[in-house]
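K.L.:
Got a structure for you, run_9.cif, holding mmCIF, C-alpha atoms.
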data_target
loop_
_atom_site.label_atom_id
_atom_site.label_comp_id
_atom_site.auth_asym_id
_atom_site.auth_seq_id
_atom_site.Cartn_x
_atom_site.Cartn_y
_atom_site.Cartn_z
CA MET A 1 -21.92 17.12 -5.56
CA ASP A 2 -22.23 13.43 -5.02
CA PHE A 3 -18.84 11.81 -5.42
CA GLN A 4 -18.36 8.39 -6.95
CA SER A 5 -15.41 7.39 -4.84
CA CYS A 6 -13.59 8.69 -1.82
CA VAL A 7 -10.36 7.64 -0.14
CA ASN A 8 -9.64 8.52 3.46
CA ILE A 9 -6.14 9.76 4.15
CA ASN A 10 -4.91 8.73 7.58
CA LYS A 11 -1.44 7.33 7.03
CA GLU A 12 1.31 7.71 4.48
CA TRP A 13 0.35 4.58 2.53
CA ASP A 14 -3.15 5.93 1.94
CA ILE A 15 -1.52 8.38 -0.48
CA VAL A 16 -0.59 5.42 -2.66
CA GLY A 17 -4.14 4.09 -2.45
CA ALA A 18 -5.62 7.43 -3.48
CA ARG A 19 -3.18 7.68 -6.35
CA GLN A 20 -4.05 4.23 -7.66
CA ILE A 21 -7.79 4.87 -7.59
CA GLY A 22 -7.27 8.23 -9.28
CA ARG A 23 -5.15 6.65 -11.98
CA ASP A 24 -7.81 3.98 -12.60
CA PHE A 25 -10.44 6.70 -12.94
CA ALA A 26 -8.24 8.64 -15.34
CA ARG A 27 -7.62 5.55 -17.46
CA LYS A 28 -11.33 4.73 -17.65
CA ILE A 29 -12.22 8.28 -18.67
CA GLY A 30 -9.69 8.03 -21.48
CA PHE A 31 -6.71 10.15 -20.46
CA GLY A 32 -3.37 9.42 -22.12
CA THR A 33 -0.34 8.23 -20.19
CA VAL A 34 1.11 11.71 -19.76
CA ASP A 35 -2.13 13.08 -18.33
CA GLN A 36 -2.50 9.98 -16.16
CA ALA A 37 0.94 10.71 -14.72
CA ARG A 38 -0.05 14.37 -14.22
CA ILE A 39 -3.23 13.39 -12.43
CA ALA A 40 -1.47 10.80 -10.27
CA THR A 41 1.17 13.36 -9.32
CA ALA A 42 -1.44 16.00 -8.49
CA ILE A 43 -3.31 13.52 -6.28
CA SER A 44 -0.04 12.61 -4.64
CA GLU A 45 0.65 16.26 -3.79
CA LEU A 46 -2.86 16.92 -2.49
CA ALA A 47 -2.93 13.73 -0.42
CA ARG A 48 0.50 14.41 0.98
CA ASN A 49 -0.54 17.91 2.01
CA ILE A 50 -3.46 16.40 3.90
CA TYR A 51 -1.20 13.85 5.55
CA LEU A 52 1.50 16.40 6.44
CA TYR A 53 -0.52 19.41 7.54
CA ALA A 54 -4.01 18.26 8.48
CA GLY A 55 -3.30 14.69 9.61
CA THR A 56 -6.54 13.27 8.25
CA GLY A 57 -8.88 14.06 5.42
CA LYS A 58 -10.14 12.59 2.20
CA ILE A 59 -9.70 12.68 -1.54
CA CYS A 60 -12.78 12.24 -3.72
CA PHE A 61 -13.10 11.56 -7.42
CA GLU A 62 -15.87 12.25 -9.87
CA THR A 63 -16.13 12.11 -13.62
CA ILE A 64 -17.89 15.06 -15.23
CA GLU A 65 -19.44 15.08 -18.64
CA GLU A 66 -20.46 18.12 -20.57
CA ILE A 67 -21.84 18.24 -24.10
CA ASP A 68 -18.50 18.51 -25.80
CA ARG A 69 -16.00 17.32 -23.21
CA LYS A 70 -15.27 14.90 -20.38
CA GLY A 71 -13.10 15.32 -17.35
CA LEU A 72 -12.08 14.27 -13.87
CA VAL A 73 -12.76 16.25 -10.71
CA ILE A 74 -10.51 15.73 -7.72
CA LEU A 75 -11.65 17.10 -4.40
CA ALA A 76 -9.32 17.17 -1.41
CA VAL A 77 -11.05 17.94 1.88
CA ASP A 78 -9.66 18.17 5.38
CA ASP A 79 -10.64 19.83 8.64
CA GLY A 80 -7.12 20.69 9.64
CA PRO A 81 -5.65 24.03 10.69
CA GLY A 82 -6.36 25.73 7.35
CA ILE A 83 -4.01 27.87 5.33
CA ALA A 84 -3.14 31.30 6.73
CA GLU A 85 -2.00 32.98 3.52
CA ILE A 86 -3.27 31.35 0.37
CA SER A 87 -1.38 33.74 -1.91
CA LYS A 88 1.86 32.71 -0.17
CA VAL A 89 1.34 28.94 -0.61
CA MET A 90 0.58 29.48 -4.27
CA GLU A 91 4.04 31.00 -4.72
CA ASP A 92 6.76 28.71 -5.97
CA GLY A 93 9.31 27.80 -3.36
CA TYR A 94 7.25 28.66 -0.28
CA SER A 95 7.17 25.82 2.24
CA THR A 96 6.64 25.63 5.97
CA SER A 97 7.99 22.09 6.23
CA GLY A 98 11.35 22.37 4.52
CA GLY A 99 10.04 20.87 1.29
CA LEU A 100 10.49 22.18 -2.21
CA GLY A 101 7.41 24.37 -2.00
CA ALA A 102 6.28 23.29 -5.43
CA GLY A 103 3.24 21.27 -4.33
CA LEU A 104 0.19 23.50 -4.70
CA PRO A 105 1.45 25.76 -7.51
CA GLY A 106 2.56 22.53 -9.19
CA VAL A 107 -0.90 21.01 -8.88
CA LYS A 108 -2.36 24.17 -10.40
CA ARG A 109 -0.07 23.77 -13.39
CA LEU A 110 -0.68 20.01 -13.69
CA MET A 111 -4.46 20.42 -13.76
CA ASP A 112 -6.73 22.60 -15.91
CA GLU A 113 -8.86 24.16 -13.18
CA PHE A 114 -7.93 24.78 -9.61
CA ASP A 115 -9.93 26.16 -6.71
CA ILE A 116 -8.92 26.50 -3.10
CA ILE A 117 -11.08 27.45 -0.16
CA SER A 118 -9.51 27.55 3.27
CA GLU A 119 -10.63 28.84 6.60
CA GLN A 120 -8.30 28.97 9.57
CA GLU A 121 -9.03 26.38 12.26
CA LYS A 122 -11.81 25.01 10.03
CA GLY A 123 -10.08 23.24 7.20
CA THR A 124 -9.23 23.35 3.55
CA GLU A 125 -11.05 22.26 0.42
CA ILE A 126 -9.25 22.04 -2.89
CA LYS A 127 -11.02 21.24 -6.13
CA ALA A 128 -9.05 20.48 -9.27
CA VAL A 129 -10.36 19.52 -12.71
CA LYS A 130 -8.60 17.97 -15.66
CA TRP A 131 -10.29 17.77 -19.08
CA VAL A 132 -9.64 15.09 -21.64
CA ARG A 133 -8.10 16.74 -24.66
CA MET B 1 -25.63 -23.83 38.70
CA ASP B 2 -22.91 -23.63 36.10
CA ARG B 3 -22.14 -27.28 36.77
CA LYS B 4 -25.79 -28.23 36.26
CA LEU B 5 -26.05 -26.36 32.99
CA LYS B 6 -22.86 -27.89 31.75
CA ASP B 7 -24.07 -31.40 32.55
CA LEU B 8 -27.31 -30.66 30.78
CA VAL B 9 -25.50 -29.43 27.67
CA ILE B 10 -23.00 -32.29 27.61
CA GLU B 11 -25.64 -34.96 28.13
CA ASN B 12 -27.62 -33.59 25.23
CA SER B 13 -24.65 -32.79 23.09
CA ASP B 14 -25.97 -34.84 20.17
CA THR B 15 -29.11 -32.73 19.89
CA ILE B 16 -27.17 -29.49 20.18
CA VAL B 17 -24.60 -30.62 17.62
CA GLN B 18 -27.41 -31.43 15.21
CA MET B 19 -29.05 -28.06 15.76
CA TRP B 20 -25.72 -26.35 15.29
CA LEU B 21 -24.94 -28.23 12.08
CA ASP B 22 -28.35 -27.33 10.69
CA GLU B 23 -27.83 -23.70 11.55
CA ILE B 24 -24.35 -23.59 10.01
CA SER B 25 -25.44 -25.30 6.79
CA LYS B 26 -28.41 -22.98 6.45
CA GLY B 27 -26.30 -19.90 6.05
CA ARG B 28 -23.82 -21.64 3.84
CA GLN B 29 -25.12 -21.04 0.33
CA SER B 30 -24.55 -17.34 0.24
CA ASP B 31 -21.24 -16.92 2.01
CA TYR B 32 -17.50 -17.47 1.64
CA THR B 33 -17.59 -21.21 2.35
CA SER B 34 -19.59 -22.01 -0.79
CA THR B 35 -16.37 -22.76 -2.69
CA ILE B 36 -15.27 -25.38 -0.17
CA SER B 37 -16.16 -28.98 -0.97
CA GLU B 38 -19.08 -30.58 0.86
CA GLU B 39 -17.02 -33.31 2.53
CA LEU B 40 -14.34 -30.96 3.82
CA PHE B 41 -16.97 -28.58 5.12
CA GLU B 42 -18.80 -31.40 6.93
CA SER B 43 -15.72 -32.92 8.46
CA THR B 44 -14.39 -29.52 9.56
CA ASN B 45 -17.77 -28.74 11.13
CA ARG B 46 -17.72 -32.05 13.00
CA GLU B 47 -14.25 -31.46 14.25
CA PHE B 48 -15.02 -27.87 15.17
CA VAL B 49 -18.04 -28.80 17.24
CA ASN B 50 -16.15 -31.60 18.98
CA VAL B 51 -13.38 -29.19 19.82
CA ILE B 52 -15.92 -26.74 21.22
CA PHE B 53 -17.49 -29.40 23.38
CA ALA B 54 -14.14 -30.67 24.58
CA SER B 55 -13.16 -27.22 25.74
CA VAL B 56 -16.54 -26.61 27.36
CA GLU B 57 -16.17 -29.89 29.22
CA LYS B 58 -12.60 -29.28 30.35
CA GLN B 59 -13.35 -25.64 31.16
CA GLY B 60 -10.58 -24.00 29.26
CA ILE B 61 -8.31 -24.10 26.25
CA THR B 62 -7.40 -27.61 25.18
CA THR B 63 -4.55 -28.74 23.00
CA ALA B 64 -7.14 -30.01 20.54
CA LEU B 65 -8.40 -26.46 20.13
CA GLU B 66 -4.88 -25.18 19.60
CA ASP B 67 -4.15 -27.83 16.98
CA PHE B 68 -7.45 -27.16 15.27
CA SER B 69 -6.99 -23.39 15.08
CA GLU B 70 -3.41 -23.73 13.92
CA ARG B 71 -4.48 -26.04 11.12
CA LEU B 72 -7.27 -23.71 9.98
CA VAL B 73 -4.89 -20.74 10.02
CA ASN B 74 -2.46 -22.66 7.84
CA LEU B 75 -5.19 -23.78 5.45
CA GLY B 76 -6.37 -20.17 5.19
CA TRP B 77 -9.92 -20.70 6.43
CA PRO B 78 -11.58 -17.36 7.00
CA LEU B 79 -11.72 -16.19 10.58
CA SER B 80 -15.39 -15.39 10.13
CA TYR B 81 -16.09 -19.14 9.76
CA LEU B 82 -14.91 -19.64 13.33
CA THR B 83 -16.56 -16.57 14.82
CA ASP B 84 -19.85 -17.27 13.00
CA GLY B 85 -19.66 -20.87 14.16
CA LEU B 86 -19.14 -19.91 17.77
CA GLN B 87 -21.91 -17.33 17.64
CA SER B 88 -24.29 -19.96 16.29
CA PHE B 89 -23.14 -22.29 19.02
CA ARG B 90 -23.95 -19.68 21.62
CA ARG B 91 -27.40 -19.09 20.12
CA VAL B 92 -28.24 -22.75 19.75
CA THR B 93 -27.07 -23.68 23.21
CA ILE B 94 -29.00 -20.89 24.90
CA ASN B 95 -32.14 -21.75 22.95
CA TYR B 96 -31.77 -25.40 23.86
CA ILE B 97 -31.25 -24.80 27.57
CA LEU B 98 -34.20 -22.42 27.73
CA SER B 99 -36.46 -24.77 25.81
CA GLU B 100 -35.74 -27.51 28.34
CA GLN B 101 -37.16 -25.38 31.11
CA THR B 102 -40.89 -24.96 31.41
CA GLN B 103 -40.75 -21.77 33.38
CA VAL B 104 -38.02 -19.26 32.83
CA GLY B 105 -37.47 -16.46 35.32
CA SER B 106 -35.33 -13.49 34.47
CA ASP B 107 -32.69 -14.58 37.01
CA TYR B 108 -32.41 -17.99 35.44
CA PHE B 109 -32.26 -16.41 32.01
CA SER B 110 -29.35 -14.15 32.86
CA GLU B 111 -27.52 -17.00 34.58
CA VAL B 112 -27.81 -19.12 31.47
CA LEU B 113 -26.53 -16.27 29.32
CA GLN B 114 -23.58 -15.72 31.59
CA ALA B 115 -22.70 -19.41 31.79
CA VAL B 116 -22.74 -19.87 28.03
CA ASP B 117 -20.74 -16.68 27.54
CA ASN B 118 -18.15 -18.03 29.95
CA TRP B 119 -17.76 -21.13 27.80
CA VAL B 120 -17.73 -19.44 24.43
CA ASP B 121 -15.81 -16.21 25.02
CA PRO B 122 -12.43 -17.77 25.91
CA ILE B 123 -12.60 -19.87 22.73
CA ILE B 124 -13.36 -16.83 20.58
CA ASN B 125 -10.54 -14.87 22.19
CA LYS B 126 -8.13 -17.71 21.70
CA LEU B 127 -9.00 -18.14 18.02
CA VAL B 128 -8.97 -14.43 17.22
CA ASN B 129 -5.59 -14.06 18.91
CA GLU B 130 -4.24 -17.02 17.01
CA TYR B 131 -5.42 -15.57 13.71
CA SER B 132 -4.31 -11.99 14.27
CA GLY B 133 -0.98 -13.26 15.63
CA SER B 134 -0.40 -15.15 12.42
CA TRP B 135 -1.35 -12.11 10.31
CA GLU B 136 0.94 -9.84 12.29
CA HIS B 137 3.71 -12.35 11.80
CA ILE B 138 3.16 -12.42 8.03
CA VAL B 139 3.02 -8.63 7.84
CA SER B 140 6.25 -8.25 9.78
CA LEU B 141 7.99 -10.83 7.57
CA GLN B 142 6.82 -9.03 4.45
CA ARG B 143 7.96 -5.75 5.90
CA VAL B 144 11.44 -7.16 6.36
CA ALA B 145 11.40 -8.63 2.86
CA LEU B 146 10.28 -5.30 1.42
CA GLN B 147 12.97 -3.45 3.31
CA GLU B 148 15.62 -5.76 1.91
CA LEU B 149 14.40 -4.92 -1.59
CA SER B 150 13.90 -1.22 -1.00
CA ALA B 151 17.30 0.30 -1.74
CA PRO B 152 19.69 -2.14 -3.40
CA LEU B 153 23.09 -0.95 -4.52
CA ILE B 154 24.92 -2.80 -7.28
CA PRO B 155 28.61 -2.15 -7.92
CA VAL B 156 28.59 -2.88 -11.67
CA MET B 157 32.25 -2.10 -12.25
CA GLU B 158 35.11 -0.31 -10.63
CA ASN B 159 34.04 3.18 -9.52
CA ILE B 160 30.53 2.85 -10.94
CA THR B 161 27.53 1.72 -8.90
CA VAL B 162 23.85 1.55 -9.77
CA MET B 163 20.83 1.92 -7.51
CA PRO B 164 17.69 0.68 -9.28
CA LEU B 165 14.51 1.93 -7.58
CA ILE B 166 11.23 0.16 -8.15
CA GLY B 167 7.89 1.11 -6.63
CA THR B 168 6.60 3.85 -4.42
CA ILE B 169 9.00 5.90 -2.35
CA ASP B 170 7.76 6.92 1.09
CA THR B 171 9.60 8.79 3.81
CA GLU B 172 10.97 5.65 5.44
CA ARG B 173 12.28 4.31 2.17
CA ALA B 174 13.74 7.68 1.21
CA LYS B 175 15.82 7.59 4.39
CA LEU B 176 17.03 4.07 3.56
CA ILE B 177 17.93 5.14 0.03
CA MET B 178 20.03 8.02 1.33
CA GLU B 179 21.84 5.83 3.88
CA ASN B 180 22.52 2.94 1.50
CA LEU B 181 23.65 5.33 -1.21
CA LEU B 182 26.21 7.08 0.96
CA ASP B 183 27.41 3.88 2.64
CA GLY B 184 27.74 2.21 -0.76
CA VAL B 185 29.62 5.09 -2.34
CA ILE B 186 32.21 4.96 0.44
CA LYS B 187 32.35 1.16 0.56
CA HIS B 188 32.73 0.57 -3.17
CA ASN B 189 34.79 3.70 -3.65
CA ALA B 190 32.40 4.82 -6.36
CA GLU B 191 33.10 7.91 -8.44
CA VAL B 192 29.75 7.78 -10.20
CA VAL B 193 26.40 6.57 -8.85
CA LEU B 194 23.47 5.99 -11.16
CA ILE B 195 20.01 6.24 -9.61
CA ASP B 196 17.54 4.49 -11.88
CA ILE B 197 13.90 5.60 -11.41
CA THR B 198 12.42 3.65 -14.33
CA GLY B 199 10.25 1.68 -11.89
CA VAL B 200 9.05 4.60 -9.78
CA PRO B 201 5.43 5.20 -10.78
CA VAL B 202 5.04 8.80 -9.59
CA VAL B 203 7.65 11.48 -9.00
CA ASP B 204 6.03 14.16 -6.89
CA THR B 205 7.72 16.99 -5.02
CA MET B 206 8.50 14.79 -2.03
CA VAL B 207 10.22 12.10 -4.11
CA ALA B 208 12.06 14.77 -6.12
CA HIS B 209 13.11 16.49 -2.94
CA HIS B 210 14.57 13.27 -1.54
CA ILE B 211 16.41 12.55 -4.79
CA ILE B 212 17.84 16.07 -4.86
CA GLN B 213 19.00 15.72 -1.27
CA ALA B 214 20.57 12.32 -1.96
CA ALA B 215 22.37 13.67 -5.04
CA GLU B 216 23.60 16.67 -3.08
CA ALA B 217 24.88 14.42 -0.29
CA VAL B 218 26.67 12.24 -2.85
CA ARG B 219 28.26 15.37 -4.31
CA LEU B 220 29.47 16.41 -0.85
CA ILE B 221 31.41 13.19 -0.41
CA GLY B 222 33.10 13.77 -3.74
CA SER B 223 31.17 11.60 -6.18
CA THR B 224 28.80 12.32 -9.02
CA CYS B 225 25.19 11.23 -9.09
CA ILE B 226 23.39 10.67 -12.38
CA LEU B 227 19.62 10.32 -12.42
CA VAL B 228 18.53 7.88 -15.10
CA GLY B 229 15.32 6.25 -16.28
CA ILE B 230 13.26 9.43 -16.56
CA ARG B 231 10.29 8.49 -18.69
CA PRO B 232 8.74 11.17 -20.96
CA GLU B 233 5.60 11.54 -18.85
CA ILE B 234 7.67 11.88 -15.68
CA ALA B 235 9.81 14.52 -17.38
CA GLN B 236 6.65 16.48 -18.19
CA THR B 237 5.25 16.30 -14.68
CA ILE B 238 8.59 17.39 -13.24
CA VAL B 239 8.55 20.42 -15.54
CA ASN B 240 4.93 21.17 -14.61
CA LEU B 241 5.74 20.98 -10.95
CA GLY B 242 8.60 23.36 -11.53
CA ILE B 243 11.22 21.17 -9.91
CA ASP B 244 14.80 22.17 -10.63
CA LEU B 245 16.90 19.08 -11.35
CA SER B 246 19.67 20.99 -13.10
CA LYS B 247 22.22 20.52 -10.33
CA PHE B 248 23.11 17.02 -11.49
CA PRO B 249 23.10 15.22 -14.83
CA THR B 250 19.99 13.30 -15.88
CA LYS B 251 19.50 10.74 -18.65
CA SER B 252 16.53 8.99 -20.17
CA SER B 253 17.88 5.46 -19.88
CA LEU B 254 20.32 3.46 -17.80
CA ARG B 255 22.37 2.76 -20.92
CA LYS B 256 22.94 6.42 -21.68
CA GLY B 257 23.67 7.11 -18.06
CA PHE B 258 26.19 4.30 -17.99
CA GLN B 259 27.93 5.71 -21.06
CA SER B 260 28.32 9.10 -19.43
CA ALA B 261 29.51 7.38 -16.26
CA LEU B 262 32.23 5.70 -18.33
CA GLU B 263 33.16 9.05 -19.88
CA LEU B 264 33.36 10.64 -16.45
CA THR B 265 35.76 7.92 -15.33
CA ASN B 266 37.76 8.23 -18.57
CA ARG B 267 36.77 4.93 -20.08
CA LYS B 268 34.76 3.74 -23.05
CA ILE B 269 33.36 0.54 -24.44
CA VAL B 270 35.47 -0.97 -27.19
CA GLY B 271 34.27 -3.95 -29.20
CA THR B 272 36.81 -6.74 -29.54
CA ALA B 273 36.00 -7.68 -33.13
CA ASP B 274 35.19 -4.18 -34.39
CA SER B 275 38.75 -2.82 -34.50
CA HIS B 276 39.84 -5.56 -36.83
CA GLU B 277 36.94 -4.98 -39.21
CA ASN B 278 37.65 -1.26 -39.21
CA ASP B 279 41.20 -1.94 -40.37
CA ILE B 280 39.93 -3.93 -43.31
CA GLU B 281 37.32 -1.28 -44.13
CA GLN B 282 39.98 1.39 -44.09
CA LEU B 283 42.13 -0.75 -46.31
CA VAL B 284 39.27 -1.22 -48.77
CA ASP B 285 38.49 2.50 -48.61
CA SER B 286 42.07 3.42 -49.38
CA LEU B 287 42.14 0.92 -52.25
CA ASP B 288 38.94 2.47 -53.65
CA ARG B 289 40.49 5.88 -53.62
CA GLU B 290 43.41 4.85 -55.69
#
What would you get if you wrote out this structure as structure tokens?
P.N.:
Amino acid sequence: MDFQSCVNINKEWDIVGARQIGRDFARKIGFGTVDQARIATAISELARNIYLYAGTGKICFETIEEIDRKGLVILAVDDGPGIAEISKVMEDGYSTSGGLGAGLPGVKRLMDEFDIISEQEKGTEIKAVKWVR
Amino acid sequence: MDRKLKDLVIENSDTIVQMWLDEISKGRQSDYTSTISEELFESTNREFVNVIFASVEKQGITTALEDFSERLVNLGWPLSYLTDGLQSFRRVTINYILSEQTQVGSDYFSEVLQAVDNWVDPIINKLVNEYSGSWEHIVSLQRVALQELSAPLIPVMENITVMPLIGTIDTERAKLIMENLLDGVIKHNAEVVLIDITGVPVVDTMVAHHIIQAAEAVRLIGSTCILVGIRPEIAQTIVNLGIDLSKFPTKSSLRKGFQSALELTNRKIVGTADSHENDIEQLVDSLDRE
């Protein structure tokens, strides 16, 4: 998939940059304010995971159009240590960094579609889609 | 050798200056300087080239160069104007020197290159340092200014303080918020602290986590923390994320939060004129009944 826009995540302030670009995308596609906030929050979680656990990575955005609906795809890619137990991180309240442990399960609930592929020592790729209602 | 080249360049400075000016003006149409007026551009070019020659002649950084770069930094000229200008100067000068010679051996060629580099490089370094120094200075000033704004605490009345938060919260700021909050609660002897997040664009798990920790810390030192300014969309994302904010009271607006703060400290707002009117109304009511 050829992505329209990517933001590299190297430092904490890049999270804000990614969020702003994502919000702009969402506004252009036609999401309402509540969904814009959901998307911005989801991007924030994904970008923060990259910053915290992988160090560097990127967040990419792409609008998708089907016959009867439009949506936004967010792809978060890193080549960090990977996730050992995906089922564990998708549980509420599980965190290895003393956080709330609501990040990834939260993103799944904030978005409509959620896909996670992770290989240890190789990296993680998360794809999330939100459709305009 | 270096001496000879320098004499050659300085003697023919007029020709080189002309070549340089031509070269600079050629590339002008398409780039950043196209918004600058013709006269200013010309006079700055003249001054620039004079400064370059002065420092080539004196072999080193002159005060004229320092003044010139300082002025351009203050006027906000792009750094690329200076670096482009010096690169053109290097090109023009080398071309000129080589064109003066009928036969050019590779030794002579490399000597010319080295000599011109020795003139130009210190000037480039000086200017780049001057520019980046000024940027770093601005960034550090803004950093301080931002930090001053990052976690303000306002004691609105006895026992009640407000912390309005505006903008993104990162880890550094979260730490400051916690420190200022606890210091302020002790200092102002506050029973109730209102944290207003109306201006926080995104509340993700990290921000929520920091707020929960701050509220818990405030509770430990014996005060109550009320989270106010939760916009509807933020409320929905918090629910989606599954964040539990039930350990402390939350309100939609600062006004409602302030009212509960007053209740918690056993006070309420009483209008000065209202009570009088009420008496009259009651009187009228009682008259009606009869």
K.L.:
In terms of the shortest atom-to-atom distance over all atoms listed in the file, which of A:Ile74, A:Leu46, A:Ile86, A:Val16 is closest to Val107 in chain A?
P.N.:
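Smallest separation from Val107 in chain A among the options: A:Leu46.
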K.L.:
Given a cut-off of 7 Å, which residues of chain A touch chain B, counting all atoms listed in the file, written out as a list in words?
P.N.:
Thr33, Val34, Ala37, Arg38, Ala40, Thr41, Ser44, Glu45, Gly99, Leu100, Ala102, Gly103, Gly106, Val107, Arg109 and Leu110 of chain A
K.L.:
Would you export the selected residues with C-alpha atoms as a short mmCIF file (atom, residue, chain, number, x, y, z; two decimals), in the coordinates of the input, please?
P.N.:
data_model
loop_
_atom_site.label_atom_id
_atom_site.label_comp_id
_atom_site.auth_asym_id
_atom_site.auth_seq_id
_atom_site.Cartn_x
_atom_site.Cartn_y
_atom_site.Cartn_z
CA THR A 33 -0.34 8.23 -20.19
CA VAL A 34 1.11 11.71 -19.76
CA ALA A 37 0.94 10.71 -14.72
CA ARG A 38 -0.05 14.37 -14.22
CA ALA A 40 -1.47 10.80 -10.27
CA THR A 41 1.17 13.36 -9.32
CA SER A 44 -0.04 12.61 -4.64
CA GLU A 45 0.65 16.26 -3.79
CA GLY A 99 10.04 20.87 1.29
CA LEU A 100 10.49 22.18 -2.21
CA ALA A 102 6.28 23.29 -5.43
CA GLY A 103 3.24 21.27 -4.33
CA GLY A 106 2.56 22.53 -9.19
CA VAL A 107 -0.90 21.01 -8.88
CA ARG A 109 -0.07 23.77 -13.39
CA LEU A 110 -0.68 20.01 -13.69
#
K.L.:
At a cut-off of 8 Å from (-9.7, -24.7, 23.8) in the coordinates of the file, what residues are picked up using only C-alpha atoms, written as a compact mmCIF listing (two decimals) with C-alpha atoms, in the frame of the given file?
P.N.:
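Written out: out11.txt:
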# COMPACT_ATOMS: atom_id res chain seq x y z
CA VAL B 51 -13.38 -29.19 19.82
CA ILE B 52 -15.92 -26.74 21.22
CA ALA B 54 -14.14 -30.67 24.58
CA SER B 55 -13.16 -27.22 25.74
CA VAL B 56 -16.54 -26.61 27.36
CA GLY B 60 -10.58 -24.00 29.26
CA ILE B 61 -8.31 -24.10 26.25
CA THR B 62 -7.40 -27.61 25.18
CA THR B 63 -4.55 -28.74 23.00
CA ALA B 64 -7.14 -30.01 20.54
CA LEU B 65 -8.40 -26.46 20.13
CA GLU B 66 -4.88 -25.18 19.60
CA PRO B 122 -12.43 -17.77 25.91
CA ILE B 123 -12.60 -19.87 22.73
CA LYS B 126 -8.13 -17.71 21.70
K.L.:
Find the residues around Arg3 in chain B up to 12 Å (only C-alpha atoms counted), leave out those fewer than 3 positions away in its own chain, and share them as an mmCIF file with C-alpha atoms, in the frame of the given file.
P.N.:
data_model
loop_
_atom_site.group_PDB
_atom_site.id
_atom_site.type_symbol
_atom_site.label_atom_id
_atom_site.label_comp_id
_atom_site.auth_asym_id
_atom_site.auth_seq_id
_atom_site.Cartn_x
_atom_site.Cartn_y
_atom_site.Cartn_z
ATOM 1 C CA LYS B 6 -22.860 -27.890 31.750
ATOM 2 C CA ASP B 7 -24.070 -31.400 32.550
ATOM 3 C CA LEU B 8 -27.310 -30.660 30.780
ATOM 4 C CA VAL B 9 -25.500 -29.430 27.670
ATOM 5 C CA ILE B 10 -23.000 -32.290 27.610
ATOM 6 C CA VAL B 56 -16.540 -26.610 27.360
ATOM 7 C CA GLU B 57 -16.170 -29.890 29.220
ATOM 8 C CA LYS B 58 -12.600 -29.280 30.350
ATOM 9 C CA GLN B 59 -13.350 -25.640 31.160
ATOM 10 C CA GLU B 111 -27.520 -17.000 34.580
ATOM 11 C CA VAL B 112 -27.810 -19.120 31.470
ATOM 12 C CA ALA B 115 -22.700 -19.410 31.790
ATOM 13 C CA VAL B 116 -22.740 -19.870 28.030
ATOM 14 C CA TRP B 119 -17.760 -21.130 27.800
#
K.L.:
Between A:Leu72, A:Val7, A:Ala128, A:Ile117, which one has atoms that come closest to Arg27 in chain A, using only C-alpha atoms?
P.N.:
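Checking each candidate against Arg27 in chain A, we get A:Leu72 as the closest.
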K.L.:
Rounded to one decimal, what separation in Å do you get between CA of Ala42 in chain A and CA of Tyr94 in chain A?
P.N.:
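Interatomic distance, CA of Ala42 in chain A to CA of Tyr94 in chain A: 17.4 Å.
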K.L.:
Pick the closest to Pro105 in chain A from A:Glu85, A:Asp79, A:Asp24, A:Glu91: which is it, counting all atoms listed in the file?
P.N.:
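Once distances to Pro105 in chain A are computed over all atoms listed in the file, the minimum belongs to A:Glu91.
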K.L.:
Need to verify the contact set: Ile21 in chain A, 9 Å, all atoms listed in the file, exclusion of same-chain residues closer than 4 positions in sequence. Can you return it as a PyMOL selection string?
P.N.:
chain A and resi 5+7+16-17+25-26+61
K.L.:
With C-alpha atoms retained, could you export that selection as a short mmCIF file (atom, residue, chain, number, x, y, z; two decimals), keeping the file's coordinate frame?
P.N.:
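Final file, selection_12.cif:
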data_model
loop_
_atom_site.label_atom_id
_atom_site.label_comp_id
_atom_site.auth_asym_id
_atom_site.auth_seq_id
_atom_site.Cartn_x
_atom_site.Cartn_y
_atom_site.Cartn_z
CA SER A 5 -15.41 7.39 -4.84
CA VAL A 7 -10.36 7.64 -0.14
CA VAL A 16 -0.59 5.42 -2.66
CA GLY A 17 -4.14 4.09 -2.45
CA PHE A 25 -10.44 6.70 -12.94
CA ALA A 26 -8.24 8.64 -15.34
CA PHE A 61 -13.10 11.56 -7.42
#
K.L.:
Please indicate the distance in Å from CA of Asp115 in chain A to CA of Asn49 in chain A, rounded to one decimal place.
P.N.:
15.2 Å
K.L.:
May I have the residues within 10 Å of Leu82 in chain B as a list in words, using only C-alpha atoms and disregarding those fewer than 5 positions away in the same chain?
P.N.:
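These residues fall inside the cut-off: Asn45, Phe48, Ser69, Leu72, Trp77, Gln87, Ser88, Ile123, Ile124, Leu127 and Val128 of chain B.
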K.L.:
For Ala151 in chain B, which residue among B:Leu262, B:Ile97, B:Val73, B:Ile166 is the nearest when counting all atoms listed in the file?
P.N.:
B:Ile166
K.L.:
Find, counting all atoms listed in the file, the residue in A:Ile29, A:Ile83, A:Ile116, A:Val129 that gets nearest to Ile43 in chain A.
P.N.:
A:Val129
K.L.:
Please determine, counting all atoms listed in the file, which residue among B:Arg71, B:Lys256, B:Arg267, B:Arg90 has the shortest atom-to-atom distance to Val49 in chain B.
P.N.:
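For Val49 in chain B, the nearest of the candidates is B:Arg90.
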K.L.:
Between CA of Val89 in chain A and CA of Glu119 in chain A, what distance in Å does the model show, to one decimal?
P.N.:
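These atoms are spaced 14.0 Å apart.
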K.L.:
The PyMOL selection byres ((chain B and resi 113) around 12) on the file shown: which residues, as a PyMOL selection string?
P.N.:
chain B and resi 2+5+90-98+106-112+114-121
